[in-house]
Amino acid sequence: MNYTNSPIEQITFNNQNFFIKRDDLLHKNFSGNKARKFYYFLQNDFNNIKKVVSHGSAQSNAMYSLSCLCKIRNWKFDYYVDHIASYIKENPIGNYKEALENGMNIIENDIPLKFDENTLFIPEGGALKEAKYGIKILADEIISWAKQTNQVNKDNLKIFLPSGTGTTSLYLQKYLPFEVLTCACVGDSEYLEKQFLQLEEQNHPTILKMDKKYHFGKLYKEFYEIHKELKKQTNIEFDFLYDCLGWLCVNKHLKQKEKNILYIHQGGLLGNISMLQRYKYKYDK
C-alpha cells in the first residue's frame with residue numbers, strides 16, 4: 001500500500017507556473033496531510049492499544065483518516081462531537097458516511113478527561129508531536145525532488161500550504177531548508193501562531209495574511225469561483241475548506257514569476273461532496 005512518495009506535477013494557473021505535491025494521490029483510503037500526520041501510528045507497534053479516541057467536527061478530514069487507520073490496525077474508534085446536523089444524520093454523506101462505514105462510533109458529548117492504558121488519544125486535527133514522523137518523510141521527498149530536477153531554482157524555492165492547526169507546515173519548516181509559507185484557515189494568524197508554539201518554540205513558517213477575515217466552514221462566493229477556475233485550468237480538484245483560501249492567498253502574495261512555488265495538495269476531497277452541495281444550493285440558482 002502506497003502511503004508515501006506522492007508525485008509532483010507542474011501546472012499553470014492564471015498564467016503562472018506552479019509545482020504541485022499531489023498528496024491527494026496517496027492511497028485512496030489514507031491520503032493527504034492526515035496520512036502524513038498519522039503515519040507514525042501506522043508504522044510503529046502499539047501492542048497494548050485497542051481503541052483510539054479523538055474529537056472534532058462531524059465532517060472532519062481527520063475523523064475519516066483516523067477511521068481508516070483504525071480499520072487497518074483493527075482498533076475501535078470513538079469520536080466525540082459537539083453536535084451532528086440533522087440533515088447529516090438523515091442523509092449521511094462525505095467523511096461522516098465513510099467513517100461510519102469504517103466502524104467509527106460517533107458520540108455527541110464532551111470528551112472524557114481520562115483514558116485507560118489501552119486507549120490512544122489523538123487531539124483534534126492531529127496536532128501532536130508524533131506527526132513529525134510522517135511529515136519528515138514528506139520533507140525528505142521534497143528535498144530529493146529539488147535535488148533531482150533541473151527545472152527548479154533551489155535557491156528561490158518556496159513551499160506553500162494552507163493551515164488548520166498548522167502542524168504540517170510547522171514540521172515541514174523544521175525539516176526543510178526552504179522557506180515554508182502558509183495562511184490561517186481556522187481562526188486568525190494569532191491563533192495559528194499559538195498553535196505553532198504548543199509544538200515548537202522557534203523556526204516557524206511564514207504566515208501570509210489576507211485583508212478579509214474568513215470564517216472556517218462558511219460559504220464564500222470567491223471560494224466557489226476559484227474552485228471552479230482551478231478545476232478548469234489545471235484539471236485538479238482541490239479542497240473547498242483549505243485550498244480555496246490557500247489559492248486566494250497565493251494570488252495575493254505570490255505573483256512574482258521568478259519564484260518557484262511548490263504547493264502541497266493535502267487531500268481532503270471526500271469533504272467536497274457535502275460542501276459542493278451547499279455551494280450549488282446557495283449560488284447556482
# chains A, B, ... in the order shown; residues from 1 in each chain; ligands from 1
call {"tool": "residues_around", "arguments": {"residues": "His215 in chain A", "least_positions_apart": "2", "cutoff": "12 Å", "atoms": "only C-alpha atoms", "output": "PDB file with N, CA and C atoms, in the first residue's frame"}}
result
ATOM      1  N   GLY A 164      -4.625  24.466   9.064  1.00  0.00           N
ATOM      2  CA  GLY A 164      -5.675  24.412  10.069  1.00  0.00           C
ATOM      3  C   GLY A 164      -5.027  24.560  11.429  1.00  0.00           C
ATOM      4  N   ALA A 184      -3.728  31.111   7.546  1.00  0.00           N
ATOM      5  CA  ALA A 184      -4.608  30.557   8.580  1.00  0.00           C
ATOM      6  C   ALA A 184      -6.002  30.349   8.023  1.00  0.00           C
ATOM      7  N   CYS A 185      -6.458  29.109   8.043  1.00  0.00           N
ATOM      8  CA  CYS A 185      -7.804  28.793   7.563  1.00  0.00           C
ATOM      9  C   CYS A 185      -8.795  28.588   8.710  1.00  0.00           C
ATOM     10  N   VAL A 186      -8.276  28.291   9.897  1.00  0.00           N
ATOM     11  CA  VAL A 186      -9.103  28.127  11.092  1.00  0.00           C
ATOM     12  C   VAL A 186      -8.650  29.174  12.104  1.00  0.00           C
ATOM     13  N   GLY A 187      -9.501  30.142  12.418  1.00  0.00           N
ATOM     14  CA  GLY A 187      -9.042  31.227  13.267  1.00  0.00           C
ATOM     15  C   GLY A 187      -8.177  32.198  12.483  1.00  0.00           C
ATOM     16  N   ASP A 188      -7.475  33.076  13.200  1.00  0.00           N
ATOM     17  CA  ASP A 188      -6.640  34.077  12.540  1.00  0.00           C
ATOM     18  C   ASP A 188      -5.162  33.732  12.690  1.00  0.00           C
ATOM     19  N   LYS A 212      -9.234  40.194   4.155  1.00  0.00           N
ATOM     20  CA  LYS A 212     -10.570  39.838   4.629  1.00  0.00           C
ATOM     21  C   LYS A 212     -10.484  38.677   5.611  1.00  0.00           C
ATOM     22  N   LYS A 213     -11.289  38.707   6.650  1.00  0.00           N
ATOM     23  CA  LYS A 213     -11.346  37.595   7.602  1.00  0.00           C
ATOM     24  C   LYS A 213     -12.358  36.567   7.119  1.00  0.00           C
ATOM     25  N   GLY A 217     -15.557  27.071   7.370  1.00  0.00           N
ATOM     26  CA  GLY A 217     -16.792  26.350   7.078  1.00  0.00           C
ATOM     27  C   GLY A 217     -17.894  27.199   6.485  1.00  0.00           C
ATOM     28  N   LYS A 218     -17.713  28.526   6.503  1.00  0.00           N
ATOM     29  CA  LYS A 218     -18.715  29.408   5.915  1.00  0.00           C
ATOM     30  C   LYS A 218     -18.529  29.458   4.402  1.00  0.00           C
ATOM     31  N   LEU A 219     -19.632  29.674   3.684  1.00  0.00           N
ATOM     32  CA  LEU A 219     -19.568  29.713   2.221  1.00  0.00           C
ATOM     33  C   LEU A 219     -19.210  31.112   1.736  1.00  0.00           C
ATOM     34  N   TYR A 220     -18.283  31.171   0.779  1.00  0.00           N
ATOM     35  CA  TYR A 220     -17.884  32.441   0.172  1.00  0.00           C
ATOM     36  C   TYR A 220     -17.880  32.264  -1.342  1.00  0.00           C
ATOM     37  N   PHE A 223     -14.630  31.631  -3.001  1.00  0.00           N
ATOM     38  CA  PHE A 223     -14.128  30.262  -2.867  1.00  0.00           C
ATOM     39  C   PHE A 223     -14.691  29.388  -3.982  1.00  0.00           C
ATOM     40  N   LEU A 241     -12.420  23.747   1.843  1.00  0.00           N
ATOM     41  CA  LEU A 241     -12.216  24.389   3.133  1.00  0.00           C
ATOM     42  C   LEU A 241     -10.841  25.033   3.278  1.00  0.00           C
ATOM     43  N   TYR A 242      -9.828  24.431   2.686  1.00  0.00           N
ATOM     44  CA  TYR A 242      -8.470  24.933   2.853  1.00  0.00           C
ATOM     45  C   TYR A 242      -7.882  25.497   1.556  1.00  0.00           C
ATOM     46  N   LEU A 245      -9.039  29.111   0.028  1.00  0.00           N
ATOM     47  CA  LEU A 245      -8.378  30.235   0.690  1.00  0.00           C
ATOM     48  C   LEU A 245      -6.885  30.219   0.390  1.00  0.00           C
TER      49      LEU A 245
END
call {"tool": "residues_around", "arguments": {"residues": "Asn156 in chain A", "least_positions_apart": "4", "cutoff": "10 Å", "atoms": "only C-alpha atoms", "output": "PDB file with C-alpha atoms, in the first residue's frame"}}
result
ATOM      1  CA  VAL A 152      13.800  24.202 -10.165  1.00  0.00           C
ATOM      2  CA  PHE A 178      13.399  26.147   2.042  1.00  0.00           C
ATOM      3  CA  GLU A 179      11.030  28.800   3.368  1.00  0.00           C
ATOM      4  CA  GLU A 258      10.715  34.458 -10.739  1.00  0.00           C
ATOM      5  CA  LYS A 259       9.819  32.382  -7.685  1.00  0.00           C
ATOM      6  CA  ASN A 260       9.440  28.615  -7.774  1.00  0.00           C
ATOM      7  CA  ILE A 261       6.354  27.742  -5.733  1.00  0.00           C
TER       8      ILE A 261
END
call {"tool": "residues_around", "arguments": {"residues": "Ile135 in chain A", "least_positions_apart": "6", "cutoff": "7 Å", "atoms": "only C-alpha atoms", "output": "PyMOL selection string"}}
result
chain A and resi 36-37+168+171-172
call {"tool": "closest_residue", "arguments": {"among": "A:Glu101, A:Glu117, A:Asp24, A:Glu222", "to": "Leu248 in chain A", "atoms": "only C-alpha atoms"}}
result
A:Glu222
call {"tool": "select_by_dssp", "arguments": {"residues": "range 38-277 of chain A", "states": "strand (DSSP E)", "output": "ChimeraX atom specification"}}
result
/A:51-55,76-81,105-108,119-121,157-160,179-182,206-207,260-265
call {"tool": "write_last_selection", "arguments": {"atoms": "N, CA, C and O atoms", "output": "CSV table (one decimal), in the first residue's frame"}}
result
chain,number,residue,atom,x,y,z
A,51,LYS,N,-8.1,0.8,21.3
A,51,LYS,CA,-9.1,1.8,20.9
A,51,LYS,C,-8.4,3.2,20.7
A,51,LYS,O,-7.5,3.5,21.4
A,52,VAL,N,-8.9,4.0,19.7
A,52,VAL,CA,-8.4,5.4,19.5
A,52,VAL,C,-9.6,6.3,19.9
A,52,VAL,O,-10.8,6.0,19.5
A,53,VAL,N,-9.3,7.4,20.6
A,53,VAL,CA,-10.3,8.4,20.9
A,53,VAL,C,-9.9,9.7,20.3
A,53,VAL,O,-8.7,10.1,20.5
A,54,SER,N,-10.8,10.4,19.6
A,54,SER,CA,-10.5,11.7,19.1
A,54,SER,C,-11.7,12.6,19.1
A,54,SER,O,-12.8,12.1,19.6
A,55,HIS,N,-11.6,13.8,18.6
A,55,HIS,CA,-12.8,14.7,18.7
A,55,HIS,C,-12.7,15.7,17.6
A,55,HIS,O,-11.6,16.0,17.0
A,76,LYS,N,-10.7,-0.2,17.7
A,76,LYS,CA,-12.0,0.5,17.9
A,76,LYS,C,-11.8,2.0,17.8
A,76,LYS,O,-10.7,2.5,18.1
A,77,PHE,N,-12.8,2.8,17.4
A,77,PHE,CA,-12.6,4.2,17.2
A,77,PHE,C,-13.8,5.0,17.7
A,77,PHE,O,-14.9,4.8,17.2
A,78,ASP,N,-13.6,5.7,18.8
A,78,ASP,CA,-14.6,6.6,19.4
A,78,ASP,C,-14.3,8.0,19.0
A,78,ASP,O,-13.2,8.5,19.3
A,79,TYR,N,-15.3,8.7,18.5
A,79,TYR,CA,-15.1,10.1,18.0
A,79,TYR,C,-16.2,11.0,18.6
A,79,TYR,O,-17.4,10.7,18.4
A,80,TYR,N,-15.8,12.0,19.3
A,80,TYR,CA,-16.7,12.9,20.1
A,80,TYR,C,-16.9,14.2,19.3
A,80,TYR,O,-16.0,14.8,18.8
A,81,VAL,N,-18.2,14.6,19.2
A,81,VAL,CA,-18.5,15.8,18.5
A,81,VAL,C,-19.5,16.6,19.4
A,81,VAL,O,-20.2,16.1,20.3
A,105,ASN,N,-17.5,4.9,16.0
A,105,ASN,CA,-18.5,5.1,17.0
A,105,ASN,C,-18.5,6.6,17.3
A,105,ASN,O,-17.6,7.1,18.0
A,106,ILE,N,-19.5,7.3,16.8
A,106,ILE,CA,-19.6,8.8,17.0
A,106,ILE,C,-20.5,9.1,18.1
A,106,ILE,O,-21.6,8.5,18.3
A,107,ILE,N,-20.0,10.0,19.0
A,107,ILE,CA,-20.7,10.3,20.3
A,107,ILE,C,-20.9,11.8,20.4
A,107,ILE,O,-19.9,12.6,20.3
A,108,GLU,N,-22.1,12.2,20.6
A,108,GLU,CA,-22.5,13.6,20.8
A,108,GLU,C,-22.4,13.9,22.3
A,108,GLU,O,-23.3,13.8,23.0
A,119,THR,N,-6.1,2.8,25.5
A,119,THR,CA,-6.7,3.8,24.6
A,119,THR,C,-5.7,4.8,24.2
A,119,THR,O,-4.9,5.3,25.1
A,120,LEU,N,-5.7,5.1,22.9
A,120,LEU,CA,-4.8,6.1,22.4
A,120,LEU,C,-5.6,7.4,22.1
A,120,LEU,O,-6.6,7.3,21.3
A,121,PHE,N,-5.3,8.5,22.7
A,121,PHE,CA,-6.0,9.8,22.5
A,121,PHE,C,-5.2,10.6,21.4
A,121,PHE,O,-4.0,10.8,21.6
A,157,LEU,N,13.3,28.5,-4.1
A,157,LEU,CA,12.1,27.6,-4.0
A,157,LEU,C,11.3,28.0,-2.7
A,157,LEU,O,11.9,28.0,-1.6
A,158,LYS,N,10.0,28.2,-2.8
A,158,LYS,CA,9.2,28.4,-1.7
A,158,LYS,C,8.1,27.3,-1.6
A,158,LYS,O,7.6,26.8,-2.6
A,159,ILE,N,7.8,26.8,-0.4
A,159,ILE,CA,6.8,25.8,-0.2
A,159,ILE,C,5.6,26.5,0.4
A,159,ILE,O,5.7,27.2,1.4
A,160,PHE,N,4.4,26.2,-0.2
A,160,PHE,CA,3.2,26.8,0.3
A,160,PHE,C,2.1,25.7,0.6
A,160,PHE,O,1.9,24.8,-0.2
A,179,GLU,N,12.0,28.1,2.6
A,179,GLU,CA,11.0,28.8,3.4
A,179,GLU,C,9.7,28.2,3.1
A,179,GLU,O,9.3,27.9,2.0
A,180,VAL,N,8.9,27.9,4.2
A,180,VAL,CA,7.6,27.4,4.2
A,180,VAL,C,6.6,28.6,4.4
A,180,VAL,O,6.7,29.3,5.4
A,181,LEU,N,5.7,28.8,3.5
A,181,LEU,CA,4.7,29.8,3.6
A,181,LEU,C,3.3,29.2,3.9
A,181,LEU,O,3.0,28.1,3.4
A,182,THR,N,2.5,29.8,4.7
A,182,THR,CA,1.1,29.3,4.9
A,182,THR,C,0.2,30.4,5.2
A,182,THR,O,0.6,31.6,5.3
A,206,THR,N,6.3,31.1,7.7
A,206,THR,CA,5.9,32.4,7.5
A,206,THR,C,4.4,32.5,7.2
A,206,THR,O,3.9,31.7,6.3
A,207,ILE,N,3.6,33.2,8.0
A,207,ILE,CA,2.2,33.3,7.8
A,207,ILE,C,1.8,34.5,6.9
A,207,ILE,O,2.2,35.6,7.2
A,260,ASN,N,9.9,30.0,-7.6
A,260,ASN,CA,9.4,28.6,-7.8
A,260,ASN,C,8.6,28.3,-6.6
A,260,ASN,O,9.1,28.2,-5.4
A,261,ILE,N,7.3,28.0,-6.8
A,261,ILE,CA,6.4,27.7,-5.7
A,261,ILE,C,5.9,26.3,-5.8
A,261,ILE,O,5.5,25.8,-6.9
A,262,LEU,N,6.2,25.5,-4.7
A,262,LEU,CA,5.7,24.2,-4.6
A,262,LEU,C,4.5,24.2,-3.7
A,262,LEU,O,4.6,24.5,-2.5
A,263,TYR,N,3.3,23.9,-4.2
A,263,TYR,CA,2.1,23.9,-3.4
A,263,TYR,C,1.8,22.5,-3.0
A,263,TYR,O,1.8,21.6,-3.8
A,264,ILE,N,1.5,22.3,-1.7
A,264,ILE,CA,1.2,21.0,-1.2
A,264,ILE,C,-0.3,20.7,-1.2
A,264,ILE,O,-1.0,21.4,-0.5
A,265,HIS,N,-0.7,19.8,-2.0
A,265,HIS,CA,-2.1,19.4,-2.1
A,265,HIS,C,-2.3,18.4,-1.0
A,265,HIS,O,-1.8,17.3,-1.1
call {"tool": "select_by_dssp", "arguments": {"residues": "range 1-188 of chain A", "states": "alpha helix (DSSP H)", "output": "ChimeraX atom specification"}}
result
/A:32-37,39-43,61-73,86-90,94-101,132-148,167-175
call {"tool": "residues_around", "arguments": {"residues": "Asn272 in chain A", "least_positions_apart": "2", "cutoff": "9 Å", "atoms": "only C-alpha atoms", "output": "PDB file with all heavy atoms, in the first residue's frame"}}
result
ATOM      1  N   GLY A  94     -20.209  12.071   2.576  1.00  0.00           N
ATOM      2  CA  GLY A  94     -18.825  12.503   2.723  1.00  0.00           C
ATOM      3  C   GLY A  94     -18.063  11.792   3.830  1.00  0.00           C
ATOM      4  O   GLY A  94     -18.194  10.573   4.033  1.00  0.00           O
ATOM      5  N   PHE A 238      -9.402  20.554  -5.945  1.00  0.00           N
ATOM      6  CA  PHE A 238      -8.837  20.969  -4.673  1.00  0.00           C
ATOM      7  C   PHE A 238      -9.927  21.009  -3.606  1.00  0.00           C
ATOM      8  O   PHE A 238     -11.123  21.009  -3.903  1.00  0.00           O
ATOM      9  CB  PHE A 238      -8.166  22.340  -4.803  1.00  0.00           C
ATOM     10  CG  PHE A 238      -6.878  22.316  -5.573  1.00  0.00           C
ATOM     11  CD1 PHE A 238      -6.864  22.502  -6.959  1.00  0.00           C
ATOM     12  CD2 PHE A 238      -5.673  22.114  -4.924  1.00  0.00           C
ATOM     13  CE1 PHE A 238      -5.675  22.478  -7.667  1.00  0.00           C
ATOM     14  CE2 PHE A 238      -4.472  22.081  -5.627  1.00  0.00           C
ATOM     15  CZ  PHE A 238      -4.469  22.262  -7.002  1.00  0.00           C
ATOM     16  N   ASP A 239      -9.487  21.057  -2.352  1.00  0.00           N
ATOM     17  CA  ASP A 239     -10.397  21.072  -1.216  1.00  0.00           C
ATOM     18  C   ASP A 239     -11.036  22.442  -1.044  1.00  0.00           C
ATOM     19  O   ASP A 239     -10.373  23.473  -1.186  1.00  0.00           O
ATOM     20  CB  ASP A 239      -9.593  20.693   0.037  1.00  0.00           C
ATOM     21  CG  ASP A 239     -10.316  21.000   1.322  1.00  0.00           C
ATOM     22  OD1 ASP A 239     -11.337  20.364   1.588  1.00  0.00           O
ATOM     23  OD2 ASP A 239      -9.862  21.905   2.043  1.00  0.00           O
ATOM     24  N   PHE A 240     -12.333  22.461  -0.713  1.00  0.00           N
ATOM     25  CA  PHE A 240     -13.048  23.724  -0.512  1.00  0.00           C
ATOM     26  C   PHE A 240     -12.593  24.465   0.744  1.00  0.00           C
ATOM     27  O   PHE A 240     -12.425  25.680   0.734  1.00  0.00           O
ATOM     28  CB  PHE A 240     -14.562  23.475  -0.417  1.00  0.00           C
ATOM     29  CG  PHE A 240     -15.275  23.468  -1.732  1.00  0.00           C
ATOM     30  CD1 PHE A 240     -15.789  22.286  -2.244  1.00  0.00           C
ATOM     31  CD2 PHE A 240     -15.440  24.639  -2.460  1.00  0.00           C
ATOM     32  CE1 PHE A 240     -16.452  22.272  -3.464  1.00  0.00           C
ATOM     33  CE2 PHE A 240     -16.106  24.634  -3.682  1.00  0.00           C
ATOM     34  CZ  PHE A 240     -16.617  23.445  -4.181  1.00  0.00           C
ATOM     35  N   LEU A 241     -12.420  23.747   1.843  1.00  0.00           N
ATOM     36  CA  LEU A 241     -12.216  24.389   3.133  1.00  0.00           C
ATOM     37  C   LEU A 241     -10.841  25.033   3.278  1.00  0.00           C
ATOM     38  O   LEU A 241     -10.705  26.070   3.927  1.00  0.00           O
ATOM     39  CB  LEU A 241     -12.431  23.382   4.266  1.00  0.00           C
ATOM     40  CG  LEU A 241     -13.878  22.928   4.483  1.00  0.00           C
ATOM     41  CD1 LEU A 241     -13.921  21.797   5.504  1.00  0.00           C
ATOM     42  CD2 LEU A 241     -14.738  24.093   4.951  1.00  0.00           C
ATOM     43  N   GLY A 268      -8.242  15.773   1.370  1.00  0.00           N
ATOM     44  CA  GLY A 268      -9.491  16.264   1.955  1.00  0.00           C
ATOM     45  C   GLY A 268     -10.654  16.313   0.990  1.00  0.00           C
ATOM     46  O   GLY A 268     -11.655  16.979   1.251  1.00  0.00           O
ATOM     47  N   LEU A 269     -10.533  15.613  -0.126  1.00  0.00           N
ATOM     48  CA  LEU A 269     -11.532  15.757  -1.187  1.00  0.00           C
ATOM     49  C   LEU A 269     -12.863  15.081  -0.860  1.00  0.00           C
ATOM     50  O   LEU A 269     -13.893  15.437  -1.443  1.00  0.00           O
ATOM     51  CB  LEU A 269     -10.974  15.203  -2.505  1.00  0.00           C
ATOM     52  CG  LEU A 269      -9.703  15.900  -3.014  1.00  0.00           C
ATOM     53  CD1 LEU A 269      -9.287  15.318  -4.360  1.00  0.00           C
ATOM     54  CD2 LEU A 269      -9.919  17.401  -3.130  1.00  0.00           C
ATOM     55  N   LEU A 270     -12.859  14.143   0.055  1.00  0.00           N
ATOM     56  CA  LEU A 270     -14.114  13.497   0.415  1.00  0.00           C
ATOM     57  C   LEU A 270     -15.086  14.501   1.035  1.00  0.00           C
ATOM     58  O   LEU A 270     -16.302  14.404   0.861  1.00  0.00           O
ATOM     59  CB  LEU A 270     -13.850  12.348   1.396  1.00  0.00           C
ATOM     60  CG  LEU A 270     -14.975  11.338   1.613  1.00  0.00           C
ATOM     61  CD1 LEU A 270     -15.413  10.704   0.296  1.00  0.00           C
ATOM     62  CD2 LEU A 270     -14.524  10.259   2.590  1.00  0.00           C
ATOM     63  N   SER A 274     -20.155  17.155   0.416  1.00  0.00           N
ATOM     64  CA  SER A 274     -21.169  17.941   1.138  1.00  0.00           C
ATOM     65  C   SER A 274     -20.997  19.428   0.882  1.00  0.00           C
ATOM     66  O   SER A 274     -21.984  20.170   0.782  1.00  0.00           O
ATOM     67  CB  SER A 274     -21.103  17.647   2.636  1.00  0.00           C
ATOM     68  OG  SER A 274     -19.818  17.915   3.155  1.00  0.00           O
ATOM     69  N   MET A 275     -19.742  19.891   0.756  1.00  0.00           N
ATOM     70  CA  MET A 275     -19.508  21.314   0.506  1.00  0.00           C
ATOM     71  C   MET A 275     -20.056  21.733  -0.855  1.00  0.00           C
ATOM     72  O   MET A 275     -20.644  22.808  -0.998  1.00  0.00           O
ATOM     73  CB  MET A 275     -18.011  21.629   0.587  1.00  0.00           C
ATOM     74  CG  MET A 275     -17.425  21.550   1.987  1.00  0.00           C
ATOM     75  SD  MET A 275     -18.166  22.734   3.154  1.00  0.00           S
ATOM     76  CE  MET A 275     -17.680  24.294   2.428  1.00  0.00           C
ATOM     77  N   LEU A 276     -19.869  20.893  -1.859  1.00  0.00           N
ATOM     78  CA  LEU A 276     -20.350  21.228  -3.199  1.00  0.00           C
ATOM     79  C   LEU A 276     -21.874  21.330  -3.218  1.00  0.00           C
ATOM     80  O   LEU A 276     -22.432  22.213  -3.882  1.00  0.00           O
ATOM     81  CB  LEU A 276     -19.877  20.175  -4.201  1.00  0.00           C
ATOM     82  CG  LEU A 276     -20.216  20.443  -5.666  1.00  0.00           C
ATOM     83  CD1 LEU A 276     -19.628  21.772  -6.132  1.00  0.00           C
ATOM     84  CD2 LEU A 276     -19.717  19.297  -6.555  1.00  0.00           C
ATOM     85  N   GLN A 277     -22.537  20.455  -2.490  1.00  0.00           N
ATOM     86  CA  GLN A 277     -24.000  20.546  -2.396  1.00  0.00           C
ATOM     87  C   GLN A 277     -24.417  21.894  -1.811  1.00  0.00           C
ATOM     88  O   GLN A 277     -25.352  22.532  -2.297  1.00  0.00           O
ATOM     89  CB  GLN A 277     -24.535  19.411  -1.529  1.00  0.00           C
ATOM     90  CG  GLN A 277     -24.539  18.052  -2.196  1.00  0.00           C
ATOM     91  CD  GLN A 277     -25.246  17.007  -1.350  1.00  0.00           C
ATOM     92  OE1 GLN A 277     -25.611  17.248  -0.196  1.00  0.00           O
ATOM     93  NE2 GLN A 277     -25.444  15.825  -1.913  1.00  0.00           N
TER      94      GLN A 277
END
call {"tool": "residues_around", "arguments": {"residues": "Tyr87 in chain A", "least_positions_apart": "3", "cutoff": "12 Å", "atoms": "only C-alpha atoms", "output": "list in words"}}
result
Ala58, His83, Ile84, Glu90, Asn91, Pro92, Ile93, Tyr96, Ser274 and Arg278 of chain A
call {"tool": "closest_residue", "arguments": {"among": "A:Lys21, A:Leu138, A:Gly103, A:Lys132", "to": "Phe41 in chain A", "atoms": "only C-alpha atoms"}}
result
A:Lys132
call {"tool": "atom_distance", "arguments": {"atom1": "CA of Lys50 in chain A", "atom2": "CA of Lys71 in chain A"}}
result
11.4 Å
call {"tool": "atom_distance", "arguments": {"atom1": "CA of His204 in chain A", "atom2": "CA of Asn5 in chain A"}}
result
24.6 Å
call {"tool": "closest_residue", "arguments": {"among": "A:Glu141, A:Glu200, A:Ile273, A:Tyr214", "to": "Cys244 in chain A", "atoms": "only C-alpha atoms"}}
result
A:Tyr214
call {"tool": "decode", "arguments": {"residues": "range 47-63 of chain A", "atoms": "N, CA and C atoms", "output": "mmCIF file, in the first residue's frame"}}
result
data_model
loop_
_atom_site.group_PDB
_atom_site.id
_atom_site.type_symbol
_atom_site.label_atom_id
_atom_site.label_comp_id
_atom_site.auth_asym_id
_atom_site.auth_seq_id
_atom_site.Cartn_x
_atom_site.Cartn_y
_atom_site.Cartn_z
ATOM 1 N N ASN A 47 1.188 -2.519 20.907
ATOM 2 C CA ASN A 47 0.599 -3.816 21.266
ATOM 3 C C ASN A 47 -0.494 -3.706 22.317
ATOM 4 N N ASN A 48 -0.436 -2.647 23.125
ATOM 5 C CA ASN A 48 -1.438 -2.512 24.185
ATOM 6 C C ASN A 48 -2.688 -1.767 23.738
ATOM 7 N N ILE A 49 -2.606 -1.107 22.564
ATOM 8 C CA ILE A 49 -3.715 -0.248 22.140
ATOM 9 C C ILE A 49 -4.836 -1.074 21.512
ATOM 10 N N LYS A 50 -6.053 -0.798 21.971
ATOM 11 C CA LYS A 50 -7.242 -1.448 21.431
ATOM 12 C C LYS A 50 -8.254 -0.447 20.881
ATOM 13 N N LYS A 51 -8.071 0.827 21.281
ATOM 14 C CA LYS A 51 -9.056 1.836 20.855
ATOM 15 C C LYS A 51 -8.379 3.191 20.700
ATOM 16 N N VAL A 52 -8.857 3.967 19.714
ATOM 17 C CA VAL A 52 -8.447 5.356 19.519
ATOM 18 C C VAL A 52 -9.620 6.260 19.855
ATOM 19 N N VAL A 53 -9.332 7.353 20.553
ATOM 20 C CA VAL A 53 -10.339 8.363 20.865
ATOM 21 C C VAL A 53 -9.865 9.689 20.306
ATOM 22 N N SER A 54 -10.767 10.398 19.615
ATOM 23 C CA SER A 54 -10.459 11.733 19.128
ATOM 24 C C SER A 54 -11.740 12.566 19.136
ATOM 25 N N HIS A 55 -11.637 13.800 18.649
ATOM 26 C CA HIS A 55 -12.801 14.695 18.676
ATOM 27 C C HIS A 55 -12.666 15.747 17.591
ATOM 28 N N GLY A 56 -13.784 16.433 17.279
ATOM 29 C CA GLY A 56 -13.786 17.468 16.252
ATOM 30 C C GLY A 56 -15.167 17.600 15.645
ATOM 31 N N SER A 57 -15.203 17.977 14.374
ATOM 32 C CA SER A 57 -16.484 18.163 13.691
ATOM 33 C C SER A 57 -16.916 16.873 13.012
ATOM 34 N N ALA A 58 -18.207 16.817 12.681
ATOM 35 C CA ALA A 58 -18.778 15.598 12.107
ATOM 36 C C ALA A 58 -18.452 15.419 10.632
ATOM 37 N N GLN A 59 -17.735 16.371 10.028
ATOM 38 C CA GLN A 59 -17.294 16.197 8.639
ATOM 39 C C GLN A 59 -15.779 16.386 8.525
ATOM 40 N N SER A 60 -15.089 16.132 9.619
ATOM 41 C CA SER A 60 -13.647 16.340 9.679
ATOM 42 C C SER A 60 -12.873 15.376 8.781
ATOM 43 N N ASN A 61 -11.843 15.898 8.089
ATOM 44 C CA ASN A 61 -10.942 15.029 7.333
ATOM 45 C C ASN A 61 -10.160 14.121 8.272
ATOM 46 N N ALA A 62 -9.770 14.658 9.439
ATOM 47 C CA ALA A 62 -9.014 13.856 10.408
ATOM 48 C C ALA A 62 -9.859 12.696 10.916
ATOM 49 N N MET A 63 -11.136 12.941 11.137
ATOM 50 C CA MET A 63 -12.051 11.894 11.583
ATOM 51 C C MET A 63 -12.039 10.720 10.596
#
